[in-house]
$ cat protein07.pdb   # PDB, C-alpha atoms
ATOM      1  CA  MET A  23      -0.930  33.051   3.246  1.00  0.00           C
ATOM      2  CA  THR A  24      -4.519  33.112   4.528  1.00  0.00           C
ATOM      3  CA  PHE A  25      -7.446  30.762   3.927  1.00  0.00           C
ATOM      4  CA  PRO A  26     -11.153  31.577   3.851  1.00  0.00           C
ATOM      5  CA  LYS A  27     -12.624  30.268   7.110  1.00  0.00           C
ATOM      6  CA  ILE A  28     -14.667  27.581   5.342  1.00  0.00           C
ATOM      7  CA  LEU A  29     -11.425  26.060   3.999  1.00  0.00           C
ATOM      8  CA  ALA A  30      -9.681  25.850   7.375  1.00  0.00           C
ATOM      9  CA  PRO A  31     -10.172  22.068   7.805  1.00  0.00           C
ATOM     10  CA  LEU A  32      -8.815  21.515   4.299  1.00  0.00           C
ATOM     11  CA  ALA A  33      -5.775  23.674   5.084  1.00  0.00           C
ATOM     12  CA  VAL A  34      -5.050  21.495   8.121  1.00  0.00           C
ATOM     13  CA  LEU A  35      -5.294  18.363   5.959  1.00  0.00           C
ATOM     14  CA  LEU A  36      -2.895  19.851   3.401  1.00  0.00           C
ATOM     15  CA  LEU A  37      -0.392  20.753   6.107  1.00  0.00           C
ATOM     16  CA  THR A  38      -0.685  17.259   7.607  1.00  0.00           C
ATOM     17  CA  GLY A  39       0.020  15.880   4.149  1.00  0.00           C
ATOM     18  CA  SER A  40       3.224  17.908   3.903  1.00  0.00           C
ATOM     19  CA  ALA A  41       4.393  16.679   7.299  1.00  0.00           C
ATOM     20  CA  ALA A  42       3.958  13.086   6.097  1.00  0.00           C
ATOM     21  CA  ILE A  43       7.021  13.324   3.842  1.00  0.00           C
ATOM     22  CA  ALA A  44       9.310  12.347   6.734  1.00  0.00           C
ATOM     23  CA  GLU A  45       7.281   9.232   7.463  1.00  0.00           C
ATOM     24  CA  VAL A  46       8.033   5.800   6.095  1.00  0.00           C
ATOM     25  CA  THR A  47       5.889   2.947   4.766  1.00  0.00           C
ATOM     26  CA  LEU A  48       6.449  -0.653   5.818  1.00  0.00           C
ATOM     27  CA  ILE A  49       5.278  -3.135   3.193  1.00  0.00           C
ATOM     28  CA  ASN A  50       5.305  -6.780   4.282  1.00  0.00           C
ATOM     29  CA  VAL A  51       4.475  -9.254   1.517  1.00  0.00           C
ATOM     30  CA  PHE A  52       3.495 -12.708   2.817  1.00  0.00           C
ATOM     31  CA  GLU A  53       3.700 -16.013   0.989  1.00  0.00           C
ATOM     32  CA  VAL A  54       0.988 -18.135   2.625  1.00  0.00           C
ATOM     33  CA  PRO A  55       0.584 -21.883   1.940  1.00  0.00           C
ATOM     34  CA  PRO A  56      -2.957 -23.158   1.209  1.00  0.00           C
ATOM     35  CA  GLY A  57      -4.978 -23.525   4.402  1.00  0.00           C
ATOM     36  CA  GLN A  58      -2.672 -21.284   6.464  1.00  0.00           C
ATOM     37  CA  ARG A  59      -4.335 -17.926   5.855  1.00  0.00           C
ATOM     38  CA  ASP A  60      -6.363 -17.827   9.098  1.00  0.00           C
ATOM     39  CA  ALA A  61      -3.300 -18.833  11.147  1.00  0.00           C
ATOM     40  CA  ALA A  62      -1.234 -16.162   9.394  1.00  0.00           C
ATOM     41  CA  ILE A  63      -3.873 -13.496  10.140  1.00  0.00           C
ATOM     42  CA  ALA A  64      -4.027 -14.562  13.805  1.00  0.00           C
ATOM     43  CA  ALA A  65      -0.231 -14.281  14.086  1.00  0.00           C
ATOM     44  CA  TRP A  66      -0.310 -10.892  12.364  1.00  0.00           C
ATOM     45  CA  GLU A  67      -2.912  -9.692  14.898  1.00  0.00           C
ATOM     46  CA  LYS A  68      -0.626 -10.668  17.792  1.00  0.00           C
ATOM     47  CA  ALA A  69       2.286  -8.773  16.231  1.00  0.00           C
ATOM     48  CA  ARG A  70       0.019  -5.775  15.521  1.00  0.00           C
ATOM     49  CA  ASP A  71      -1.157  -5.700  19.162  1.00  0.00           C
ATOM     50  CA  PHE A  72       2.479  -5.453  20.249  1.00  0.00           C
ATOM     51  CA  LEU A  73       3.697  -3.045  17.566  1.00  0.00           C
ATOM     52  CA  GLN A  74       0.877  -0.528  17.843  1.00  0.00           C
ATOM     53  CA  GLU A  75       1.977   0.162  21.438  1.00  0.00           C
ATOM     54  CA  GLN A  76       5.516   1.078  20.323  1.00  0.00           C
ATOM     55  CA  PRO A  77       6.747   4.675  19.822  1.00  0.00           C
ATOM     56  CA  GLY A  78       6.443   5.915  16.233  1.00  0.00           C
ATOM     57  CA  TYR A  79       3.585   3.604  15.191  1.00  0.00           C
ATOM     58  CA  LEU A  80       1.032   5.442  13.021  1.00  0.00           C
ATOM     59  CA  SER A  81      -1.285   2.957  11.290  1.00  0.00           C
ATOM     60  CA  THR A  82      -1.535  -0.452   9.669  1.00  0.00           C
ATOM     61  CA  ALA A  83      -3.760  -2.201   7.133  1.00  0.00           C
ATOM     62  CA  LEU A  84      -3.592  -5.914   6.326  1.00  0.00           C
ATOM     63  CA  HIS A  85      -4.677  -6.605   2.735  1.00  0.00           C
ATOM     64  CA  GLY A  86      -5.989 -10.015   1.624  1.00  0.00           C
ATOM     65  CA  SER A  87      -5.954 -11.089  -2.034  1.00  0.00           C
ATOM     66  CA  LEU A  88      -9.342 -11.532  -3.710  1.00  0.00           C
ATOM     67  CA  ASP A  89      -7.874 -14.580  -5.489  1.00  0.00           C
ATOM     68  CA  PRO A  90      -6.858 -17.177  -2.863  1.00  0.00           C
ATOM     69  CA  GLN A  91      -4.300 -18.549  -5.396  1.00  0.00           C
ATOM     70  CA  ALA A  92      -2.385 -15.251  -5.574  1.00  0.00           C
ATOM     71  CA  ARG A  93       1.368 -15.683  -5.004  1.00  0.00           C
ATOM     72  CA  PHE A  94       1.191 -13.276  -2.053  1.00  0.00           C
ATOM     73  CA  SER A  95      -2.168 -13.695  -0.390  1.00  0.00           C
ATOM     74  CA  LEU A  96      -1.508 -11.236   2.459  1.00  0.00           C
ATOM     75  CA  VAL A  97       0.183  -7.819   2.252  1.00  0.00           C
ATOM     76  CA  ASN A  98       0.549  -5.527   5.241  1.00  0.00           C
ATOM     77  CA  ILE A  99       0.955  -1.791   4.637  1.00  0.00           C
ATOM     78  CA  ALA A 100       1.868   0.233   7.724  1.00  0.00           C
ATOM     79  CA  ARG A 101       3.040   3.760   8.446  1.00  0.00           C
ATOM     80  CA  TRP A 102       5.809   4.598  10.927  1.00  0.00           C
ATOM     81  CA  GLU A 103       7.235   7.936  11.951  1.00  0.00           C
ATOM     82  CA  SER A 104      10.757   6.955  10.850  1.00  0.00           C
ATOM     83  CA  PRO A 105      12.954   3.964   9.951  1.00  0.00           C
ATOM     84  CA  ALA A 106      14.581   4.196  13.423  1.00  0.00           C
ATOM     85  CA  HIS A 107      11.199   3.927  15.159  1.00  0.00           C
ATOM     86  CA  PHE A 108      10.353   0.817  13.135  1.00  0.00           C
ATOM     87  CA  ALA A 109      13.769  -0.803  13.761  1.00  0.00           C
ATOM     88  CA  ASP A 110      13.434  -0.203  17.515  1.00  0.00           C
ATOM     89  CA  ALA A 111       9.908  -1.647  17.537  1.00  0.00           C
ATOM     90  CA  ILE A 112      10.986  -4.825  15.705  1.00  0.00           C
ATOM     91  CA  ALA A 113      13.956  -5.241  18.057  1.00  0.00           C
ATOM     92  CA  ALA A 114      11.607  -4.892  21.044  1.00  0.00           C
ATOM     93  CA  MET A 115       9.211  -7.464  19.539  1.00  0.00           C
ATOM     94  CA  ARG A 116      12.050  -9.946  18.987  1.00  0.00           C
ATOM     95  CA  ALA A 117      13.308  -9.391  22.535  1.00  0.00           C
ATOM     96  CA  ALA A 118       9.783 -10.100  23.832  1.00  0.00           C
ATOM     97  CA  GLY A 119      10.099 -13.462  22.066  1.00  0.00           C
ATOM     98  CA  ALA A 120       6.424 -14.382  22.101  1.00  0.00           C
ATOM     99  CA  PHE A 121       5.792 -14.433  18.353  1.00  0.00           C
ATOM    100  CA  PRO A 122       6.539 -17.872  16.872  1.00  0.00           C
ATOM    101  CA  PRO A 123       6.497 -18.065  13.050  1.00  0.00           C
ATOM    102  CA  VAL A 124       3.589 -19.809  11.335  1.00  0.00           C
ATOM    103  CA  ASP A 125       4.506 -23.000   9.424  1.00  0.00           C
ATOM    104  CA  GLY A 126       5.262 -22.196   5.805  1.00  0.00           C
ATOM    105  CA  VAL A 127       4.400 -18.498   6.015  1.00  0.00           C
ATOM    106  CA  VAL A 128       7.255 -16.408   4.561  1.00  0.00           C
ATOM    107  CA  PRO A 129       7.234 -12.662   5.298  1.00  0.00           C
ATOM    108  CA  ASN A 130       9.133 -10.196   3.092  1.00  0.00           C
ATOM    109  CA  ALA A 131       9.288  -6.894   4.959  1.00  0.00           C
ATOM    110  CA  ALA A 132      10.993  -3.709   3.776  1.00  0.00           C
ATOM    111  CA  LEU A 133      10.671   0.046   4.239  1.00  0.00           C
ATOM    112  CA  TYR A 134       9.569   2.252   1.344  1.00  0.00           C
ATOM    113  CA  GLU A 135       9.023   5.844   0.330  1.00  0.00           C
ATOM    114  CA  VAL A 136       6.660   7.043  -2.380  1.00  0.00           C
ATOM    115  CA  VAL A 137       8.636   7.751  -5.565  1.00  0.00           C
ATOM    116  CA  ARG A 138       5.692   8.571  -7.882  1.00  0.00           C
ATOM    117  CA  ALA A 139       2.092   9.391  -6.986  1.00  0.00           C
ATOM    118  CA  GLU A 140      -0.958  10.486  -8.963  1.00  0.00           C
TER     119      GLU A 140
ATOM    120  CA  MET B   6     -28.144  14.523  10.224  1.00  0.00           C
ATOM    121  CA  THR B   7     -26.789  18.057   9.791  1.00  0.00           C
ATOM    122  CA  PHE B   8     -23.258  19.427  10.031  1.00  0.00           C
ATOM    123  CA  PRO B   9     -22.119  22.892  11.100  1.00  0.00           C
ATOM    124  CA  LYS B  10     -21.124  24.737   7.923  1.00  0.00           C
ATOM    125  CA  ILE B  11     -17.471  24.835   8.944  1.00  0.00           C
ATOM    126  CA  LEU B  12     -17.379  21.011   8.962  1.00  0.00           C
ATOM    127  CA  ALA B  13     -18.859  20.574   5.479  1.00  0.00           C
ATOM    128  CA  PRO B  14     -15.530  19.656   3.791  1.00  0.00           C
ATOM    129  CA  LEU B  15     -14.878  17.088   6.515  1.00  0.00           C
ATOM    130  CA  ALA B  16     -18.355  15.587   6.038  1.00  0.00           C
ATOM    131  CA  VAL B  17     -17.587  15.134   2.340  1.00  0.00           C
ATOM    132  CA  LEU B  18     -14.342  13.361   3.231  1.00  0.00           C
ATOM    133  CA  LEU B  19     -16.146  11.030   5.646  1.00  0.00           C
ATOM    134  CA  LEU B  20     -18.763  10.156   3.037  1.00  0.00           C
ATOM    135  CA  THR B  21     -16.045   9.529   0.460  1.00  0.00           C
ATOM    136  CA  GLY B  22     -14.394   7.167   2.935  1.00  0.00           C
ATOM    137  CA  SER B  23     -17.608   5.179   3.315  1.00  0.00           C
ATOM    138  CA  ALA B  24     -18.010   4.891  -0.435  1.00  0.00           C
ATOM    139  CA  ALA B  25     -14.496   3.395  -0.622  1.00  0.00           C
ATOM    140  CA  ILE B  26     -15.666   0.028   0.746  1.00  0.00           C
ATOM    141  CA  ALA B  27     -16.672  -1.187  -2.738  1.00  0.00           C
ATOM    142  CA  GLU B  28     -13.300  -0.209  -4.189  1.00  0.00           C
ATOM    143  CA  VAL B  29     -10.367  -2.532  -4.696  1.00  0.00           C
ATOM    144  CA  THR B  30      -6.613  -2.186  -4.185  1.00  0.00           C
ATOM    145  CA  LEU B  31      -4.119  -3.327  -6.782  1.00  0.00           C
ATOM    146  CA  ILE B  32      -0.759  -4.241  -5.284  1.00  0.00           C
ATOM    147  CA  ASN B  33       2.024  -4.936  -7.781  1.00  0.00           C
ATOM    148  CA  VAL B  34       5.268  -6.190  -6.242  1.00  0.00           C
ATOM    149  CA  PHE B  35       8.268  -5.877  -8.571  1.00  0.00           C
ATOM    150  CA  GLU B  36      11.488  -7.861  -8.478  1.00  0.00           C
ATOM    151  CA  VAL B  37      14.052  -5.532 -10.055  1.00  0.00           C
ATOM    152  CA  PRO B  38      17.591  -6.642 -10.975  1.00  0.00           C
ATOM    153  CA  PRO B  39      20.490  -4.368  -9.905  1.00  0.00           C
ATOM    154  CA  GLY B  40      20.828  -1.384 -12.249  1.00  0.00           C
ATOM    155  CA  GLN B  41      17.320  -1.754 -13.691  1.00  0.00           C
ATOM    156  CA  ARG B  42      15.380   0.444 -11.261  1.00  0.00           C
ATOM    157  CA  ASP B  43      15.351   3.582 -13.433  1.00  0.00           C
ATOM    158  CA  ALA B  44      14.236   1.567 -16.475  1.00  0.00           C
ATOM    159  CA  ALA B  45      11.515  -0.109 -14.387  1.00  0.00           C
ATOM    160  CA  ILE B  46      10.241   3.283 -13.154  1.00  0.00           C
ATOM    161  CA  ALA B  47      10.206   4.650 -16.718  1.00  0.00           C
ATOM    162  CA  ALA B  48       8.170   1.637 -17.897  1.00  0.00           C
ATOM    163  CA  TRP B  49       5.811   2.022 -14.940  1.00  0.00           C
ATOM    164  CA  GLU B  50       5.262   5.693 -15.882  1.00  0.00           C
ATOM    165  CA  LYS B  51       4.252   4.695 -19.414  1.00  0.00           C
ATOM    166  CA  ALA B  52       1.754   2.152 -18.063  1.00  0.00           C
ATOM    167  CA  ARG B  53       0.442   4.695 -15.545  1.00  0.00           C
ATOM    168  CA  ASP B  54      -0.088   7.272 -18.307  1.00  0.00           C
ATOM    169  CA  PHE B  55      -2.266   4.746 -20.133  1.00  0.00           C
ATOM    170  CA  LEU B  56      -4.110   3.303 -17.131  1.00  0.00           C
ATOM    171  CA  GLN B  57      -5.032   6.616 -15.517  1.00  0.00           C
ATOM    172  CA  GLU B  58      -7.102   7.438 -18.625  1.00  0.00           C
ATOM    173  CA  GLN B  59      -9.196   4.245 -18.256  1.00  0.00           C
ATOM    174  CA  PRO B  60     -12.648   4.108 -16.615  1.00  0.00           C
ATOM    175  CA  GLY B  61     -12.567   3.231 -12.909  1.00  0.00           C
ATOM    176  CA  TYR B  62      -9.019   4.461 -12.221  1.00  0.00           C
ATOM    177  CA  LEU B  63      -8.805   6.269  -8.866  1.00  0.00           C
ATOM    178  CA  SER B  64      -5.178   6.720  -7.788  1.00  0.00           C
ATOM    179  CA  THR B  65      -1.736   5.146  -7.796  1.00  0.00           C
ATOM    180  CA  ALA B  66       1.450   5.407  -5.746  1.00  0.00           C
ATOM    181  CA  LEU B  67       4.742   3.757  -6.696  1.00  0.00           C
ATOM    182  CA  HIS B  68       6.836   2.905  -3.622  1.00  0.00           C
ATOM    183  CA  GLY B  69      10.619   2.480  -3.760  1.00  0.00           C
ATOM    184  CA  SER B  70      12.528   0.542  -1.094  1.00  0.00           C
ATOM    185  CA  LEU B  71      14.916   2.550   1.098  1.00  0.00           C
ATOM    186  CA  ASP B  72      17.322  -0.404   0.909  1.00  0.00           C
ATOM    187  CA  PRO B  73      18.331  -0.947  -2.748  1.00  0.00           C
ATOM    188  CA  GLN B  74      19.035  -4.623  -1.874  1.00  0.00           C
ATOM    189  CA  ALA B  75      15.424  -5.304  -0.832  1.00  0.00           C
ATOM    190  CA  ARG B  76      13.930  -8.363  -2.555  1.00  0.00           C
ATOM    191  CA  PHE B  77      11.147  -6.196  -4.004  1.00  0.00           C
ATOM    192  CA  SER B  78      12.577  -2.760  -4.681  1.00  0.00           C
ATOM    193  CA  LEU B  79       9.393  -1.334  -6.251  1.00  0.00           C
ATOM    194  CA  VAL B  80       5.794  -1.797  -5.069  1.00  0.00           C
ATOM    195  CA  ASN B  81       2.849  -0.110  -6.750  1.00  0.00           C
ATOM    196  CA  ILE B  82      -0.332   0.453  -4.740  1.00  0.00           C
ATOM    197  CA  ALA B  83      -3.314   1.648  -6.779  1.00  0.00           C
ATOM    198  CA  ARG B  84      -7.032   2.079  -6.214  1.00  0.00           C
ATOM    199  CA  TRP B  85      -9.691   1.052  -8.751  1.00  0.00           C
ATOM    200  CA  GLU B  86     -13.454   1.328  -8.583  1.00  0.00           C
ATOM    201  CA  SER B  87     -13.917  -2.431  -9.032  1.00  0.00           C
ATOM    202  CA  PRO B  88     -12.133  -5.634 -10.167  1.00  0.00           C
ATOM    203  CA  ALA B  89     -14.023  -5.427 -13.494  1.00  0.00           C
ATOM    204  CA  HIS B  90     -12.748  -1.901 -14.165  1.00  0.00           C
ATOM    205  CA  PHE B  91      -9.168  -3.035 -13.528  1.00  0.00           C
ATOM    206  CA  ALA B  92      -9.520  -6.157 -15.715  1.00  0.00           C
ATOM    207  CA  ASP B  93     -10.908  -4.064 -18.581  1.00  0.00           C
ATOM    208  CA  ALA B  94      -8.097  -1.518 -18.240  1.00  0.00           C
ATOM    209  CA  ILE B  95      -5.387  -4.209 -18.339  1.00  0.00           C
ATOM    210  CA  ALA B  96      -7.035  -5.832 -21.354  1.00  0.00           C
ATOM    211  CA  ALA B  97      -7.089  -2.456 -23.112  1.00  0.00           C
ATOM    212  CA  MET B  98      -3.414  -1.880 -22.265  1.00  0.00           C
ATOM    213  CA  ARG B  99      -2.436  -5.300 -23.655  1.00  0.00           C
ATOM    214  CA  ALA B 100      -4.472  -4.654 -26.802  1.00  0.00           C
ATOM    215  CA  ALA B 101      -2.635  -1.341 -27.252  1.00  0.00           C
ATOM    216  CA  GLY B 102       0.564  -3.402 -27.255  1.00  0.00           C
ATOM    217  CA  ALA B 103       2.998  -0.568 -26.656  1.00  0.00           C
ATOM    218  CA  PHE B 104       4.369  -1.640 -23.301  1.00  0.00           C
ATOM    219  CA  PRO B 105       7.340  -3.989 -23.706  1.00  0.00           C
ATOM    220  CA  PRO B 106       8.593  -5.677 -20.505  1.00  0.00           C
ATOM    221  CA  VAL B 107      11.874  -4.493 -18.982  1.00  0.00           C
ATOM    222  CA  ASP B 108      14.714  -7.077 -18.972  1.00  0.00           C
ATOM    223  CA  GLY B 109      14.680  -9.053 -15.730  1.00  0.00           C
ATOM    224  CA  VAL B 110      11.883  -7.068 -14.077  1.00  0.00           C
ATOM    225  CA  VAL B 111       9.226  -9.463 -12.704  1.00  0.00           C
ATOM    226  CA  PRO B 112       5.853  -7.967 -11.734  1.00  0.00           C
ATOM    227  CA  ASN B 113       3.517  -9.761  -9.294  1.00  0.00           C
ATOM    228  CA  ALA B 114       0.130  -8.063  -9.518  1.00  0.00           C
ATOM    229  CA  ALA B 115      -3.019  -9.022  -7.607  1.00  0.00           C
ATOM    230  CA  LEU B 116      -6.183  -7.364  -6.309  1.00  0.00           C
ATOM    231  CA  TYR B 117      -6.747  -6.981  -2.568  1.00  0.00           C
ATOM    232  CA  GLU B 118      -9.254  -5.837  -0.010  1.00  0.00           C
ATOM    233  CA  VAL B 119      -8.446  -4.639   3.503  1.00  0.00           C
ATOM    234  CA  VAL B 120      -9.067  -7.468   5.995  1.00  0.00           C
ATOM    235  CA  ARG B 121      -7.772  -5.719   9.143  1.00  0.00           C
ATOM    236  CA  ALA B 122      -7.090  -2.020   9.731  1.00  0.00           C
ATOM    237  CA  GLU B 123      -6.092   0.075  12.739  1.00  0.00           C
TER     238      GLU B 123
END
$ encode --input "protein07.pdb" --output "structure tokens"
Amino acid sequence: MTFPKILAPLAVLLLTGSAAIAEVTLINVFEVPPGQRDAAIAAWEKARDFLQEQPGYLSTALHGSLDPQARFSLVNIARWESPAHFADAIAAMRAAGAFPPVDGVVPNAALYEVVRAE
Amino acid sequence: MTFPKILAPLAVLLLTGSAAIAEVTLINVFEVPPGQRDAAIAAWEKARDFLQEQPGYLSTALHGSLDPQARFSLVNIARWESPAHFADAIAAMRAAGAFPPVDGVVPNAALYEVVRAE
């Protein structure tokens, strides 16, 4: 299959998209008590600084709710090369031991794959 | 600013990315009882079919947990042009009245913006 030259960058993007099927999405849903959002973000930044140096890390985006009363006011969505890469990174972070929990902040982390997309 | 012709598709992508700042992310975290995942996905598909016809809809991706025991086994991540577009679409869906809840499935929907990204 050949592409007109003008479409070459698009072809690369399409191929990159296909390769992404083996990747995995971490979604971490945080319950954050009133007044603890800044502390939770600061703790997340420390964890991010550690995790983004680990093998298999691809990207991360911390989402904050527009409504401060939302049940889950912070949600992190990250991409990792594989479940094994993520498990190794979390084990390394725990072994480093420098990431105390924030009072009242409850994380709910799990790995996901896309099952439907439009 | 001018771009070499070969980079034109990339320039469009970059501009699209800039425009995305005004957009909003819907994250809907579902608690799904054992055995109800297929029914929850079927209900989500019906809602998607309705919502993707509404003004302001951009995209949606339903994520399923790799571990079936995860607290939240389904998470929907969608993009809308604005909070008002999403509110209008949900109001229209409720008015249409054809979307019964699935036994035991608890949605937790809220709108988010990215507060940190790497």
$ residues_around --input "protein07.pdb" --residues "A:Leu73" --least-positions-apart "6" --cutoff "9 Å" --atoms "all atoms listed in the file" --output "PyMOL selection string"
chain A and resi 79+108+111-112+114-115
$ residues_around --input "protein07.pdb" --residues "B:Ala52" --least-positions-apart "5" --cutoff "9 Å" --atoms "all atoms listed in the file" --output "list in words"
Ala47, Gln57, Met98 and Phe104 of chain B
$ resolve_selection --input "protein07.pdb" --expression "the PyMOL selection byres ((chain B and resi 107-109) around 10)" --output "list in words"
Glu36, Val37, Pro38, Pro39, Gln41, Arg42, Ala44, Ala45, Ile46, Ala47, Ala48, Trp49, Phe104, Pro105, Pro106, Val110, Val111 and Pro112 of chain B
$ resolve_selection --input "protein07.pdb" --expression "the PyMOL selection byres ((chain B) within 9 of (chain A))" --output "PyMOL selection string"
chain B and resi 10-15+30+32+34+46+50+53+57+63-72+75-80+113-123
$ calpha_fit_and_write --input "protein07.pdb" --fixed "chain B" --moving "chain A" --output "compact mmCIF listing (two decimals) with C-alpha atoms, in the coordinates of the input"
# COMPACT_ATOMS: atom_id res chain seq x y z
CA MET A 23 -28.44 13.78 11.03
CA THR A 24 -27.16 17.36 10.81
CA PHE A 25 -23.65 18.80 11.10
CA PRO A 26 -22.59 22.20 12.42
CA LYS A 27 -21.66 24.31 9.38
CA ILE A 28 -17.97 24.41 10.34
CA LEU A 29 -17.85 20.60 10.09
CA ALA A 30 -19.37 20.39 6.61
CA PRO A 31 -16.06 19.68 4.80
CA LEU A 32 -15.30 16.94 7.31
CA ALA A 33 -18.75 15.41 6.76
CA VAL A 34 -18.05 15.26 3.02
CA LEU A 35 -14.72 13.53 3.69
CA LEU A 36 -16.42 10.98 5.95
CA LEU A 37 -19.06 10.24 3.33
CA THR A 38 -16.37 9.89 0.65
CA GLY A 39 -14.62 7.43 2.94
CA SER A 40 -17.76 5.31 3.20
CA ALA A 41 -18.17 5.25 -0.57
CA ALA A 42 -14.61 3.91 -0.89
CA ILE A 43 -15.65 0.49 0.43
CA ALA A 44 -16.65 -0.64 -3.07
CA GLU A 45 -13.27 0.31 -4.49
CA VAL A 46 -10.36 -2.06 -4.89
CA THR A 47 -6.60 -1.75 -4.36
CA LEU A 48 -4.10 -3.04 -6.90
CA ILE A 49 -0.76 -3.95 -5.33
CA ASN A 50 2.02 -4.79 -7.79
CA VAL A 51 5.22 -6.04 -6.17
CA PHE A 52 8.25 -5.88 -8.49
CA GLU A 53 11.43 -7.92 -8.29
CA VAL A 54 14.05 -5.69 -9.93
CA PRO A 55 17.59 -6.91 -10.77
CA PRO A 56 20.51 -4.63 -9.77
CA GLY A 57 20.92 -1.76 -12.23
CA GLN A 58 17.41 -2.12 -13.69
CA ARG A 59 15.51 0.20 -11.36
CA ASP A 60 15.51 3.25 -13.66
CA ALA A 61 14.39 1.13 -16.63
CA ALA A 62 11.64 -0.41 -14.51
CA ILE A 63 10.42 3.04 -13.42
CA ALA A 64 10.42 4.28 -17.03
CA ALA A 65 8.34 1.26 -18.10
CA TRP A 66 5.97 1.80 -15.18
CA GLU A 67 5.50 5.44 -16.27
CA LYS A 68 4.50 4.32 -19.77
CA ALA A 69 1.95 1.87 -18.34
CA ARG A 70 0.66 4.54 -15.93
CA ASP A 71 0.19 7.03 -18.80
CA PHE A 72 -2.00 4.46 -20.55
CA LEU A 73 -3.89 3.18 -17.51
CA GLN A 74 -4.78 6.55 -16.02
CA GLU A 75 -6.82 7.29 -19.17
CA GLN A 76 -8.95 4.15 -18.69
CA PRO A 77 -12.43 4.14 -17.08
CA GLY A 78 -12.39 3.39 -13.34
CA TYR A 79 -8.83 4.61 -12.67
CA LEU A 80 -8.62 6.54 -9.38
CA SER A 81 -4.99 6.96 -8.31
CA THR A 82 -1.56 5.35 -8.22
CA ALA A 83 1.62 5.63 -6.17
CA LEU A 84 4.89 3.88 -7.02
CA HIS A 85 6.93 3.13 -3.89
CA GLY A 86 10.71 2.63 -3.99
CA SER A 87 12.57 0.77 -1.23
CA LEU A 88 14.96 2.82 0.90
CA ASP A 89 17.32 -0.19 0.84
CA PRO A 90 18.35 -0.89 -2.78
CA GLN A 91 18.99 -4.55 -1.75
CA ALA A 92 15.35 -5.11 -0.71
CA ARG A 93 13.82 -8.22 -2.32
CA PHE A 94 11.09 -6.06 -3.88
CA SER A 95 12.57 -2.69 -4.68
CA LEU A 96 9.44 -1.26 -6.33
CA VAL A 97 5.82 -1.61 -5.16
CA ASN A 98 2.92 0.07 -6.94
CA ILE A 99 -0.26 0.76 -4.97
CA ALA A 100 -3.21 1.92 -7.08
CA ARG A 101 -6.93 2.42 -6.55
CA TRP A 102 -9.58 1.35 -9.07
CA GLU A 103 -13.34 1.70 -8.95
CA SER A 104 -13.86 -2.07 -9.26
CA PRO A 105 -12.12 -5.33 -10.24
CA ALA A 106 -13.99 -5.24 -13.59
CA HIS A 107 -12.64 -1.76 -14.39
CA PHE A 108 -9.09 -2.92 -13.68
CA ALA A 109 -9.48 -6.13 -15.74
CA ASP A 110 -10.82 -4.14 -18.71
CA ALA A 111 -7.96 -1.63 -18.45
CA ILE A 112 -5.30 -4.37 -18.41
CA ALA A 113 -6.95 -6.10 -21.38
CA ALA A 114 -6.94 -2.78 -23.28
CA MET A 115 -3.25 -2.24 -22.42
CA ARG A 116 -2.33 -5.72 -23.66
CA ALA A 117 -4.33 -5.18 -26.86
CA ALA A 118 -2.43 -1.91 -27.41
CA GLY A 119 0.73 -4.04 -27.32
CA ALA A 120 3.21 -1.22 -26.82
CA PHE A 121 4.54 -2.20 -23.40
CA PRO A 122 7.49 -4.61 -23.70
CA PRO A 123 8.68 -6.17 -20.41
CA VAL A 124 11.96 -4.99 -18.90
CA ASP A 125 14.73 -7.63 -18.76
CA GLY A 126 14.65 -9.44 -15.44
CA VAL A 127 11.88 -7.35 -13.90
CA VAL A 128 9.16 -9.64 -12.47
CA PRO A 129 5.82 -8.04 -11.57
CA ASN A 130 3.43 -9.69 -9.09
CA ALA A 131 0.08 -7.94 -9.41
CA ALA A 132 -3.09 -8.77 -7.49
CA LEU A 133 -6.24 -7.02 -6.27
CA TYR A 134 -6.82 -6.48 -2.55
CA GLU A 135 -9.33 -5.19 -0.05
CA VAL A 136 -8.53 -3.86 3.40
CA VAL A 137 -9.21 -6.57 6.00
CA ARG A 138 -7.92 -4.71 9.10
CA ALA A 139 -7.17 -1.01 9.54
CA GLU A 140 -6.15 1.16 12.48
$ axis_aligned_box --input "protein07.pdb" --around "stretch 47-59 of chain A" --padding-each-side "5 Å" --output "AutoDock Vina command-line options"
--center_x 0.7 --center_y -10.3 --center_z 3.7 --size_x 21.4 --size_y 36.5 --size_z 15.5
$ atom_distance --input "protein07.pdb" --atom1 "atom CA of B:Pro73" --atom2 "atom CA of A:Gln76"
26.5 Å
$ atom_distance --input "protein07.pdb" --atom1 "atom CA of A:Glu45" --atom2 "atom CA of A:Arg101"
7.0 Å
$ atom_distance --input "protein07.pdb" --atom1 "atom CA of A:Ala118" --atom2 "atom CA of A:Asn50"
20.3 Å
$ build_atoms --input "protein07.pdb" --residues "stretch 62-66 of chain A" --atoms "N, CA and C atoms" --output "PDB file, in the frame of the given file"
ATOM      1  N   ALA A  62      -2.115 -17.305   9.677  1.00  0.00           N
ATOM      2  CA  ALA A  62      -1.234 -16.162   9.394  1.00  0.00           C
ATOM      3  C   ALA A  62      -1.872 -14.863   9.881  1.00  0.00           C
ATOM      4  N   ILE A  63      -3.193 -14.717   9.687  1.00  0.00           N
ATOM      5  CA  ILE A  63      -3.873 -13.496  10.140  1.00  0.00           C
ATOM      6  C   ILE A  63      -3.849 -13.418  11.668  1.00  0.00           C
ATOM      7  N   ALA A  64      -4.056 -14.549  12.338  1.00  0.00           N
ATOM      8  CA  ALA A  64      -4.027 -14.562  13.805  1.00  0.00           C
ATOM      9  C   ALA A  64      -2.644 -14.157  14.325  1.00  0.00           C
ATOM     10  N   ALA A  65      -1.588 -14.644  13.672  1.00  0.00           N
ATOM     11  CA  ALA A  65      -0.231 -14.281  14.086  1.00  0.00           C
ATOM     12  C   ALA A  65       0.023 -12.796  13.830  1.00  0.00           C
ATOM     13  N   TRP A  66      -0.460 -12.313  12.684  1.00  0.00           N
ATOM     14  CA  TRP A  66      -0.310 -10.892  12.364  1.00  0.00           C
ATOM     15  C   TRP A  66      -1.006 -10.031  13.427  1.00  0.00           C
TER      16      TRP A  66
END
